[in-house]
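start_7.cif, holding mmCIF, C-alpha atoms:
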data_entry
#
loop_
_atom_site.group_PDB
_atom_site.id
_atom_site.type_symbol
_atom_site.label_atom_id
_atom_site.label_comp_id
_atom_site.auth_asym_id
_atom_site.auth_seq_id
_atom_site.Cartn_x
_atom_site.Cartn_y
_atom_site.Cartn_z
ATOM 1 C CA MET A 1 -7.471 7.590 -5.239
ATOM 2 C CA ASN A 2 -7.173 7.297 -8.984
ATOM 3 C CA TYR A 3 -8.008 10.809 -10.283
ATOM 4 C CA PRO A 4 -9.913 12.426 -11.828
ATOM 5 C CA LEU A 5 -13.075 11.308 -10.027
ATOM 6 C CA ASP A 6 -16.411 11.551 -11.826
ATOM 7 C CA LEU A 7 -19.645 12.360 -10.003
ATOM 8 C CA SER A 8 -22.724 11.690 -12.127
ATOM 9 C CA PHE A 9 -26.283 12.560 -11.128
ATOM 10 C CA LYS A 10 -29.271 10.890 -12.755
ATOM 11 C CA LEU A 11 -31.641 13.825 -13.426
ATOM 12 C CA LEU A 12 -34.712 11.855 -14.479
ATOM 13 C CA ALA A 13 -34.831 9.647 -11.355
ATOM 14 C CA LEU A 14 -37.507 10.317 -8.728
ATOM 15 C CA ALA A 15 -34.893 10.342 -5.943
ATOM 16 C CA SER A 16 -31.402 11.708 -6.645
ATOM 17 C CA GLN A 17 -28.915 8.981 -7.530
ATOM 18 C CA ILE A 18 -25.228 9.742 -7.610
ATOM 19 C CA TYR A 19 -22.391 7.551 -8.860
ATOM 20 C CA ILE A 20 -18.782 8.267 -7.880
ATOM 21 C CA ARG A 21 -16.236 6.642 -10.208
ATOM 22 C CA ASP A 22 -12.455 6.824 -10.487
ATOM 23 C CA ALA A 23 -10.445 7.423 -13.692
ATOM 24 C CA ASN A 24 -10.744 3.722 -14.644
ATOM 25 C CA GLY A 25 -14.531 3.746 -14.270
ATOM 26 C CA ASN A 26 -14.501 1.753 -10.997
ATOM 27 C CA LEU A 27 -17.422 2.548 -8.686
ATOM 28 C CA LEU A 28 -16.134 4.206 -5.488
ATOM 29 C CA GLY A 29 -19.487 5.260 -4.090
ATOM 30 C CA TYR A 30 -23.215 5.280 -4.693
ATOM 31 C CA VAL A 31 -25.837 7.577 -3.173
ATOM 32 C CA LYS A 32 -29.597 7.306 -3.417
ATOM 33 C CA GLN A 33 -30.970 10.346 -1.649
ATOM 34 C CA LYS A 34 -34.135 9.789 0.346
ATOM 35 C CA LEU A 35 -37.178 11.910 -0.449
ATOM 36 C CA PHE A 36 -39.074 14.124 2.008
ATOM 37 C CA LYS A 37 -36.600 14.159 4.879
ATOM 38 C CA LEU A 38 -36.794 17.233 7.095
ATOM 39 C CA LYS A 39 -33.275 16.722 8.416
ATOM 40 C CA GLU A 40 -31.045 15.979 5.439
ATOM 41 C CA GLU A 41 -29.060 12.733 5.617
ATOM 42 C CA ILE A 42 -26.981 11.336 2.756
ATOM 43 C CA ILE A 43 -25.564 7.824 2.988
ATOM 44 C CA ILE A 44 -22.699 6.936 0.656
ATOM 45 C CA PHE A 45 -22.485 3.236 -0.104
ATOM 46 C CA ALA A 46 -19.572 1.330 -1.637
ATOM 47 C CA ASP A 47 -21.881 -0.443 -4.092
ATOM 48 C CA GLU A 48 -25.132 0.082 -5.966
ATOM 49 C CA SER A 49 -26.883 -2.705 -4.021
ATOM 50 C CA GLN A 50 -26.338 -0.556 -0.888
ATOM 51 C CA THR A 51 -24.868 -3.367 1.206
ATOM 52 C CA ARG A 52 -21.699 -1.634 2.450
ATOM 53 C CA GLN A 53 -21.893 1.868 3.899
ATOM 54 C CA ASN A 54 -18.811 4.113 3.562
ATOM 55 C CA TYR A 55 -19.842 7.563 4.835
ATOM 56 C CA VAL A 56 -22.796 9.561 6.160
ATOM 57 C CA ILE A 57 -23.376 13.281 5.595
ATOM 58 C CA LYS A 58 -25.972 14.631 8.017
ATOM 59 C CA ALA A 59 -27.370 18.118 8.670
ATOM 60 C CA ASP A 60 -27.157 19.408 12.219
ATOM 61 C CA ARG A 61 -30.622 21.012 12.032
ATOM 62 C CA VAL A 62 -33.912 20.855 10.183
ATOM 63 C CA ILE A 63 -34.103 22.672 6.805
ATOM 64 C CA ASP A 64 -31.928 25.750 7.267
ATOM 65 C CA PHE A 65 -29.919 27.895 4.842
ATOM 66 C CA SER A 66 -26.924 27.924 7.182
ATOM 67 C CA ALA A 67 -27.021 24.316 8.401
ATOM 68 C CA LYS A 68 -23.754 22.513 9.035
ATOM 69 C CA TYR A 69 -23.352 19.070 7.454
ATOM 70 C CA ASN A 70 -21.322 16.581 9.499
ATOM 71 C CA PHE A 71 -19.237 13.807 7.917
ATOM 72 C CA THR A 72 -18.890 10.402 9.618
ATOM 73 C CA ASP A 73 -17.427 7.134 8.427
ATOM 74 C CA ALA A 74 -19.146 3.711 8.480
ATOM 75 C CA SER A 75 -18.248 3.180 12.154
ATOM 76 C CA GLY A 76 -19.760 6.550 13.151
ATOM 77 C CA ARG A 77 -16.391 8.290 13.687
ATOM 78 C CA PHE A 78 -16.663 12.053 13.109
ATOM 79 C CA LEU A 79 -14.419 13.161 10.213
ATOM 80 C CA GLY A 80 -15.332 16.818 9.742
ATOM 81 C CA ALA A 81 -18.071 19.122 8.449
ATOM 82 C CA ILE A 82 -19.045 21.585 5.744
ATOM 83 C CA LYS A 83 -20.949 24.842 6.213
ATOM 84 C CA ARG A 84 -22.188 27.413 3.708
ATOM 85 C CA GLN A 85 -20.859 30.955 4.268
ATOM 86 C CA GLY A 86 -24.354 32.433 4.654
ATOM 87 C CA MET A 87 -25.068 35.652 2.727
ATOM 88 C CA ARG A 88 -21.714 35.474 0.958
ATOM 89 C CA SER A 89 -22.969 32.351 -0.859
ATOM 90 C CA LEU A 90 -25.920 34.117 -2.484
ATOM 91 C CA TRP A 91 -23.787 35.432 -5.357
ATOM 92 C CA LYS A 92 -21.045 32.801 -5.537
ATOM 93 C CA ALA A 93 -20.943 29.482 -3.719
ATOM 94 C CA ASN A 94 -18.652 29.686 -0.672
ATOM 95 C CA TYR A 95 -18.262 26.867 1.850
ATOM 96 C CA ASP A 96 -15.970 26.139 4.790
ATOM 97 C CA ILE A 97 -14.737 22.602 5.524
ATOM 98 C CA SER A 98 -13.501 21.730 8.999
ATOM 99 C CA ASN A 99 -11.647 18.654 10.229
ATOM 100 C CA ALA A 100 -12.539 16.269 13.092
ATOM 101 C CA GLN A 101 -11.092 18.755 15.624
ATOM 102 C CA GLY A 102 -13.419 21.512 14.377
ATOM 103 C CA GLN A 103 -10.634 23.568 12.746
ATOM 104 C CA GLN A 104 -11.436 25.080 9.365
ATOM 105 C CA ILE A 105 -8.782 23.653 7.046
ATOM 106 C CA LEU A 106 -10.366 23.954 3.574
ATOM 107 C CA LYS A 107 -12.725 26.232 1.695
ATOM 108 C CA ILE A 108 -14.726 25.870 -1.501
ATOM 109 C CA ARG A 109 -15.398 28.823 -3.742
ATOM 110 C CA GLU A 110 -17.113 29.154 -7.093
ATOM 111 C CA GLU A 111 -14.771 30.432 -9.784
ATOM 112 C CA ASN A 112 -17.317 32.572 -11.662
ATOM 113 C CA GLY A 113 -20.716 33.617 -10.258
ATOM 114 C CA TRP A 114 -21.923 34.888 -13.644
ATOM 115 C CA ILE A 115 -22.151 31.326 -15.007
ATOM 116 C CA LYS A 116 -24.897 30.549 -12.471
ATOM 117 C CA VAL A 117 -26.789 33.758 -13.341
ATOM 118 C CA ILE A 118 -26.626 33.132 -17.097
ATOM 119 C CA ASP A 119 -27.588 29.466 -16.610
ATOM 120 C CA SER A 120 -30.661 30.502 -14.580
ATOM 121 C CA LEU A 121 -31.772 33.126 -17.103
ATOM 122 C CA VAL A 122 -31.242 31.007 -20.221
ATOM 123 C CA GLY A 123 -32.786 27.999 -18.452
ATOM 124 C CA GLU A 124 -36.138 29.811 -18.405
ATOM 125 C CA ILE A 125 -36.286 30.186 -22.207
ATOM 126 C CA PRO A 126 -38.469 27.450 -23.752
ATOM 127 C CA ILE A 127 -36.568 24.801 -25.733
ATOM 128 C CA VAL A 128 -33.236 26.687 -25.404
ATOM 129 C CA GLY A 129 -33.361 26.023 -21.642
ATOM 130 C CA MET A 130 -33.002 22.291 -22.306
ATOM 131 C CA PHE A 131 -29.422 22.875 -23.469
ATOM 132 C CA THR A 132 -28.107 24.847 -20.486
ATOM 133 C CA GLY A 133 -26.635 21.659 -18.974
ATOM 134 C CA TYR A 134 -24.429 21.412 -22.025
ATOM 135 C CA LEU A 135 -23.569 25.095 -22.439
ATOM 136 C CA PHE A 136 -22.948 26.531 -18.980
ATOM 137 C CA ASN A 137 -20.559 24.671 -16.720
ATOM 138 C CA PRO A 138 -19.586 26.169 -13.351
ATOM 139 C CA ALA A 139 -16.318 25.237 -11.649
ATOM 140 C CA TYR A 140 -15.356 25.298 -7.984
ATOM 141 C CA LEU A 141 -11.950 25.430 -6.300
ATOM 142 C CA ILE A 142 -11.257 23.590 -3.064
ATOM 143 C CA GLU A 143 -8.423 25.459 -1.372
ATOM 144 C CA ARG A 144 -6.348 25.244 1.743
ATOM 145 C CA MET A 145 -6.703 28.179 4.134
ATOM 146 C CA ASP A 146 -3.630 29.878 2.671
ATOM 147 C CA GLY A 147 -5.413 30.058 -0.701
ATOM 148 C CA ALA A 148 -3.407 27.247 -2.352
ATOM 149 C CA PRO A 149 -5.721 25.262 -4.673
ATOM 150 C CA LEU A 150 -6.009 21.616 -3.654
ATOM 151 C CA MET A 151 -8.765 20.269 -5.949
ATOM 152 C CA ARG A 152 -11.001 21.585 -8.732
ATOM 153 C CA LEU A 153 -14.587 20.447 -9.253
ATOM 154 C CA ALA A 154 -15.866 21.254 -12.738
ATOM 155 C CA LYS A 155 -19.257 20.542 -14.266
ATOM 156 C CA GLN A 156 -18.949 18.618 -17.509
ATOM 157 C CA PRO A 157 -21.177 19.101 -20.573
ATOM 158 C CA ALA A 158 -23.988 16.509 -20.470
ATOM 159 C CA PHE A 159 -27.594 15.975 -21.493
ATOM 160 C CA PHE A 160 -30.118 14.362 -19.121
ATOM 161 C CA GLU A 161 -27.642 13.995 -16.268
ATOM 162 C CA GLY A 162 -25.346 16.131 -14.174
ATOM 163 C CA LYS A 163 -21.658 15.302 -14.491
ATOM 164 C CA PHE A 164 -18.860 16.731 -12.402
ATOM 165 C CA GLN A 165 -15.164 15.956 -12.390
ATOM 166 C CA LEU A 166 -12.946 16.304 -9.318
ATOM 167 C CA SER A 167 -9.271 16.796 -10.250
ATOM 168 C CA PRO A 168 -6.268 17.357 -7.974
ATOM 169 C CA GLN A 169 -4.316 20.597 -8.301
ATOM 170 C CA THR A 170 -1.535 19.565 -5.912
ATOM 171 C CA GLN A 171 -0.573 16.673 -3.609
ATOM 172 C CA ALA A 172 -3.135 16.079 -0.824
ATOM 173 C CA THR A 173 -3.092 14.081 2.395
ATOM 174 C CA GLN A 174 -5.550 11.205 2.831
ATOM 175 C CA GLU A 175 -7.596 13.346 5.268
ATOM 176 C CA GLU A 176 -7.724 16.188 2.727
ATOM 177 C CA GLU A 177 -8.760 13.798 -0.064
ATOM 178 C CA THR A 178 -11.638 12.425 2.017
ATOM 179 C CA LEU A 179 -12.804 15.885 3.105
ATOM 180 C CA CYS A 180 -12.530 17.184 -0.482
ATOM 181 C CA LEU A 181 -14.659 14.334 -1.834
ATOM 182 C CA LEU A 182 -17.315 14.618 0.903
ATOM 183 C CA GLY A 183 -17.281 18.414 0.683
ATOM 184 C CA ALA A 184 -17.594 18.405 -3.123
ATOM 185 C CA LEU A 185 -20.469 15.921 -2.969
ATOM 186 C CA SER A 186 -22.286 17.928 -0.269
ATOM 187 C CA MET A 187 -21.760 21.260 -1.999
ATOM 188 C CA THR A 188 -22.914 19.868 -5.353
ATOM 189 C CA LEU A 189 -26.124 18.522 -3.811
ATOM 190 C CA LEU A 190 -26.786 21.797 -1.985
ATOM 191 C CA GLU A 191 -26.119 23.927 -5.075
ATOM 192 C CA ARG A 192 -28.333 21.657 -7.197
ATOM 193 C CA ALA A 193 -31.147 22.116 -4.689
ATOM 194 C CA ARG A 194 -30.694 25.909 -4.914
ATOM 195 C CA GLY A 195 -31.008 25.819 -8.686
#

Could I get this structure in the form of structure tokens?
Amino acid sequence: MNYPLDLSFKLLALASQIYIRDANGNLLGYVKQKLFKLKEEIIIFADESQTRQNYVIKADRVIDFSAKYNFTDASGRFLGAIKRQGMRSLWKANYDISNAQGQQILKIREENGWIKVIDSLVGEIPIVGMFTGYLFNPAYLIERMDGAPLMRLAKQPAFFEGKFQLSPQTQATQEEETLCLLGALSMTLLERARG
């Protein structure tokens, strides 16, 4: 993949729309999240016309704080999963990513929990709250189990849309790259839903 990857969320759309682009601006993936689904399912398409499906991210249960989200490719082959670390994620986002064999090989952790707290508090102030998307930008590290950073997902300053950038911190295998991208996308959607 040609890094850094940009994930942009259209905030004013009725249903969440996400564009995944590489460093040259080429579209790698497009997501249009369906409304009112009890069991979350996110389909990642290769194009905006939604003709070629790349991946599916699907919850293993109906609306649950500790649901596991399974990753499959276009042929239905299981690639891995992401799961929130329950109560530990209330303060700072913490997620575990497992591979196709069910072994936890990666973890995502928020770098600074205070950013989320300040963003929430300032976001409630009339008029000033409109600028929190430009002022407060959380960052997340995707690490191997030994604590070595693999990728960094950082929110970028933006008005009227959510922008995140996924940058490598070290050399990754193709499996790790895929799991990092799917994990970052899942985590970002889940954290956005939390507020």

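Once the PyMOL selection byres ((chain A and resi 181) around 10) is applied to this file, the selection holds Leu5, Leu7, Ile20, Ile142, Met151, Leu153, Leu166, Glu176, Glu177, Thr178, Leu179, Cys180, Leu182, Gly183, Ala184, Leu185, Ser186 and Met187 of chain A.
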
How would the residues just picked look written out with C-alpha atoms as an mmCIF file, keeping the file's coordinate frame?
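Result file is out.cif:
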data_model
loop_
_atom_site.group_PDB
_atom_site.id
_atom_site.type_symbol
_atom_site.label_atom_id
_atom_site.label_comp_id
_atom_site.auth_asym_id
_atom_site.auth_seq_id
_atom_site.Cartn_x
_atom_site.Cartn_y
_atom_site.Cartn_z
ATOM 1 C CA LEU A 5 -13.075 11.308 -10.027
ATOM 2 C CA LEU A 7 -19.645 12.360 -10.003
ATOM 3 C CA ILE A 20 -18.782 8.267 -7.880
ATOM 4 C CA ILE A 142 -11.257 23.590 -3.064
ATOM 5 C CA MET A 151 -8.765 20.269 -5.949
ATOM 6 C CA LEU A 153 -14.587 20.447 -9.253
ATOM 7 C CA LEU A 166 -12.946 16.304 -9.318
ATOM 8 C CA GLU A 176 -7.724 16.188 2.727
ATOM 9 C CA GLU A 177 -8.760 13.798 -0.064
ATOM 10 C CA THR A 178 -11.638 12.425 2.017
ATOM 11 C CA LEU A 179 -12.804 15.885 3.105
ATOM 12 C CA CYS A 180 -12.530 17.184 -0.482
ATOM 13 C CA LEU A 182 -17.315 14.618 0.903
ATOM 14 C CA GLY A 183 -17.281 18.414 0.683
ATOM 15 C CA ALA A 184 -17.594 18.405 -3.123
ATOM 16 C CA LEU A 185 -20.469 15.921 -2.969
ATOM 17 C CA SER A 186 -22.286 17.928 -0.269
ATOM 18 C CA MET A 187 -21.760 21.260 -1.999
#

If you count all atoms listed in the file, the residue of A:Ile125, A:Ile42, A:Leu28, A:Ala172 closest to Ala148 in chain A turns out to be A:Ala172

Mind telling me what the PyMOL selection byres ((chain A and resi 17) around 12) catches here, as an MDAnalysis selection string?
chainID A and resid 7:16 18:20 29:35 42:45 48 50 161:163 185 189

Just say which residues the PyMOL selection byres ((chain A and resi 59) around 6) picks in this file, as a PyMOL selection string.
chain A and resi 40+58+60-61+68-69

Near Met145 in chain A, within 9 Å and counting only C-alpha atoms, which residues show up once chain neighbours fewer than 4 positions away are dropped, as a PyMOL selection string?
chain A and resi 104-107

Reconstruct range 38-61 of chain A at the level of N, CA, C and O atoms, and format the result as a PDB file, in the coordinates of the input.
ATOM      1  N   LEU A  38     -36.920  15.879   6.557  1.00  0.00           N
ATOM      2  CA  LEU A  38     -36.794  17.233   7.095  1.00  0.00           C
ATOM      3  C   LEU A  38     -35.351  17.534   7.482  1.00  0.00           C
ATOM      4  O   LEU A  38     -34.869  18.636   7.300  1.00  0.00           O
ATOM      5  N   LYS A  39     -34.671  16.553   8.038  1.00  0.00           N
ATOM      6  CA  LYS A  39     -33.275  16.722   8.416  1.00  0.00           C
ATOM      7  C   LYS A  39     -32.454  15.898   7.428  1.00  0.00           C
ATOM      8  O   LYS A  39     -32.487  14.677   7.444  1.00  0.00           O
ATOM      9  N   GLU A  40     -31.765  16.607   6.537  1.00  0.00           N
ATOM     10  CA  GLU A  40     -31.045  15.979   5.439  1.00  0.00           C
ATOM     11  C   GLU A  40     -30.028  14.958   5.934  1.00  0.00           C
ATOM     12  O   GLU A  40     -29.261  15.222   6.850  1.00  0.00           O
ATOM     13  N   GLU A  41     -30.039  13.768   5.318  1.00  0.00           N
ATOM     14  CA  GLU A  41     -29.060  12.733   5.617  1.00  0.00           C
ATOM     15  C   GLU A  41     -28.726  12.011   4.318  1.00  0.00           C
ATOM     16  O   GLU A  41     -29.612  11.526   3.626  1.00  0.00           O
ATOM     17  N   ILE A  42     -27.448  11.960   3.988  1.00  0.00           N
ATOM     18  CA  ILE A  42     -26.981  11.336   2.756  1.00  0.00           C
ATOM     19  C   ILE A  42     -26.054  10.193   3.147  1.00  0.00           C
ATOM     20  O   ILE A  42     -25.057  10.413   3.843  1.00  0.00           O
ATOM     21  N   ILE A  43     -26.389   8.989   2.699  1.00  0.00           N
ATOM     22  CA  ILE A  43     -25.564   7.824   2.988  1.00  0.00           C
ATOM     23  C   ILE A  43     -24.834   7.429   1.709  1.00  0.00           C
ATOM     24  O   ILE A  43     -25.451   7.261   0.660  1.00  0.00           O
ATOM     25  N   ILE A  44     -23.523   7.312   1.801  1.00  0.00           N
ATOM     26  CA  ILE A  44     -22.699   6.936   0.656  1.00  0.00           C
ATOM     27  C   ILE A  44     -22.313   5.478   0.819  1.00  0.00           C
ATOM     28  O   ILE A  44     -21.646   5.101   1.791  1.00  0.00           O
ATOM     29  N   PHE A  45     -22.756   4.664  -0.126  1.00  0.00           N
ATOM     30  CA  PHE A  45     -22.485   3.236  -0.104  1.00  0.00           C
ATOM     31  C   PHE A  45     -21.320   2.911  -1.034  1.00  0.00           C
ATOM     32  O   PHE A  45     -21.040   3.637  -1.987  1.00  0.00           O
ATOM     33  N   ALA A  46     -20.676   1.772  -0.798  1.00  0.00           N
ATOM     34  CA  ALA A  46     -19.572   1.330  -1.637  1.00  0.00           C
ATOM     35  C   ALA A  46     -20.076   0.698  -2.927  1.00  0.00           C
ATOM     36  O   ALA A  46     -19.341   0.624  -3.903  1.00  0.00           O
ATOM     37  N   ASP A  47     -21.338   0.252  -2.929  1.00  0.00           N
ATOM     38  CA  ASP A  47     -21.881  -0.443  -4.092  1.00  0.00           C
ATOM     39  C   ASP A  47     -23.322  -0.030  -4.356  1.00  0.00           C
ATOM     40  O   ASP A  47     -23.998   0.517  -3.487  1.00  0.00           O
ATOM     41  N   GLU A  48     -23.784  -0.311  -5.558  1.00  0.00           N
ATOM     42  CA  GLU A  48     -25.132   0.082  -5.966  1.00  0.00           C
ATOM     43  C   GLU A  48     -26.220  -0.707  -5.241  1.00  0.00           C
ATOM     44  O   GLU A  48     -27.346  -0.242  -5.095  1.00  0.00           O
ATOM     45  N   SER A  49     -25.894  -1.906  -4.761  1.00  0.00           N
ATOM     46  CA  SER A  49     -26.883  -2.705  -4.021  1.00  0.00           C
ATOM     47  C   SER A  49     -27.042  -2.216  -2.575  1.00  0.00           C
ATOM     48  O   SER A  49     -27.861  -2.735  -1.826  1.00  0.00           O
ATOM     49  N   GLN A  50     -26.254  -1.227  -2.189  1.00  0.00           N
ATOM     50  CA  GLN A  50     -26.338  -0.556  -0.888  1.00  0.00           C
ATOM     51  C   GLN A  50     -26.125  -1.511   0.288  1.00  0.00           C
ATOM     52  O   GLN A  50     -26.795  -1.427   1.309  1.00  0.00           O
ATOM     53  N   THR A  51     -25.151  -2.404   0.146  1.00  0.00           N
ATOM     54  CA  THR A  51     -24.868  -3.367   1.206  1.00  0.00           C
ATOM     55  C   THR A  51     -23.756  -2.906   2.145  1.00  0.00           C
ATOM     56  O   THR A  51     -23.730  -3.303   3.304  1.00  0.00           O
ATOM     57  N   ARG A  52     -22.827  -2.085   1.635  1.00  0.00           N
ATOM     58  CA  ARG A  52     -21.699  -1.634   2.450  1.00  0.00           C
ATOM     59  C   ARG A  52     -21.663  -0.118   2.515  1.00  0.00           C
ATOM     60  O   ARG A  52     -21.442   0.544   1.516  1.00  0.00           O
ATOM     61  N   GLN A  53     -21.877   0.414   3.701  1.00  0.00           N
ATOM     62  CA  GLN A  53     -21.893   1.868   3.899  1.00  0.00           C
ATOM     63  C   GLN A  53     -20.473   2.378   4.099  1.00  0.00           C
ATOM     64  O   GLN A  53     -19.698   1.796   4.840  1.00  0.00           O
ATOM     65  N   ASN A  54     -20.130   3.499   3.399  1.00  0.00           N
ATOM     66  CA  ASN A  54     -18.811   4.113   3.562  1.00  0.00           C
ATOM     67  C   ASN A  54     -18.856   5.345   4.451  1.00  0.00           C
ATOM     68  O   ASN A  54     -18.069   5.489   5.370  1.00  0.00           O
ATOM     69  N   TYR A  55     -19.771   6.287   4.124  1.00  0.00           N
ATOM     70  CA  TYR A  55     -19.842   7.563   4.835  1.00  0.00           C
ATOM     71  C   TYR A  55     -21.296   7.997   5.006  1.00  0.00           C
ATOM     72  O   TYR A  55     -22.176   7.570   4.277  1.00  0.00           O
ATOM     73  N   VAL A  56     -21.494   8.923   5.959  1.00  0.00           N
ATOM     74  CA  VAL A  56     -22.796   9.561   6.160  1.00  0.00           C
ATOM     75  C   VAL A  56     -22.556  11.067   6.241  1.00  0.00           C
ATOM     76  O   VAL A  56     -21.626  11.522   6.911  1.00  0.00           O
ATOM     77  N   ILE A  57     -23.394  11.817   5.531  1.00  0.00           N
ATOM     78  CA  ILE A  57     -23.376  13.281   5.595  1.00  0.00           C
ATOM     79  C   ILE A  57     -24.728  13.681   6.178  1.00  0.00           C
ATOM     80  O   ILE A  57     -25.771  13.355   5.608  1.00  0.00           O
ATOM     81  N   LYS A  58     -24.711  14.347   7.329  1.00  0.00           N
ATOM     82  CA  LYS A  58     -25.972  14.631   8.017  1.00  0.00           C
ATOM     83  C   LYS A  58     -26.026  16.077   8.495  1.00  0.00           C
ATOM     84  O   LYS A  58     -25.074  16.581   9.097  1.00  0.00           O
ATOM     85  N   ALA A  59     -27.163  16.729   8.234  1.00  0.00           N
ATOM     86  CA  ALA A  59     -27.370  18.118   8.670  1.00  0.00           C
ATOM     87  C   ALA A  59     -27.517  18.167  10.184  1.00  0.00           C
ATOM     88  O   ALA A  59     -28.061  17.248  10.799  1.00  0.00           O
ATOM     89  N   ASP A  60     -27.053  19.259  10.772  1.00  0.00           N
ATOM     90  CA  ASP A  60     -27.157  19.408  12.219  1.00  0.00           C
ATOM     91  C   ASP A  60     -28.479  20.022  12.660  1.00  0.00           C
ATOM     92  O   ASP A  60     -28.751  20.134  13.839  1.00  0.00           O
ATOM     93  N   ARG A  61     -29.313  20.439  11.698  1.00  0.00           N
ATOM     94  CA  ARG A  61     -30.622  21.012  12.032  1.00  0.00           C
ATOM     95  C   ARG A  61     -31.601  20.792  10.886  1.00  0.00           C
ATOM     96  O   ARG A  61     -31.215  20.438   9.784  1.00  0.00           O
TER      97      ARG A  61
END
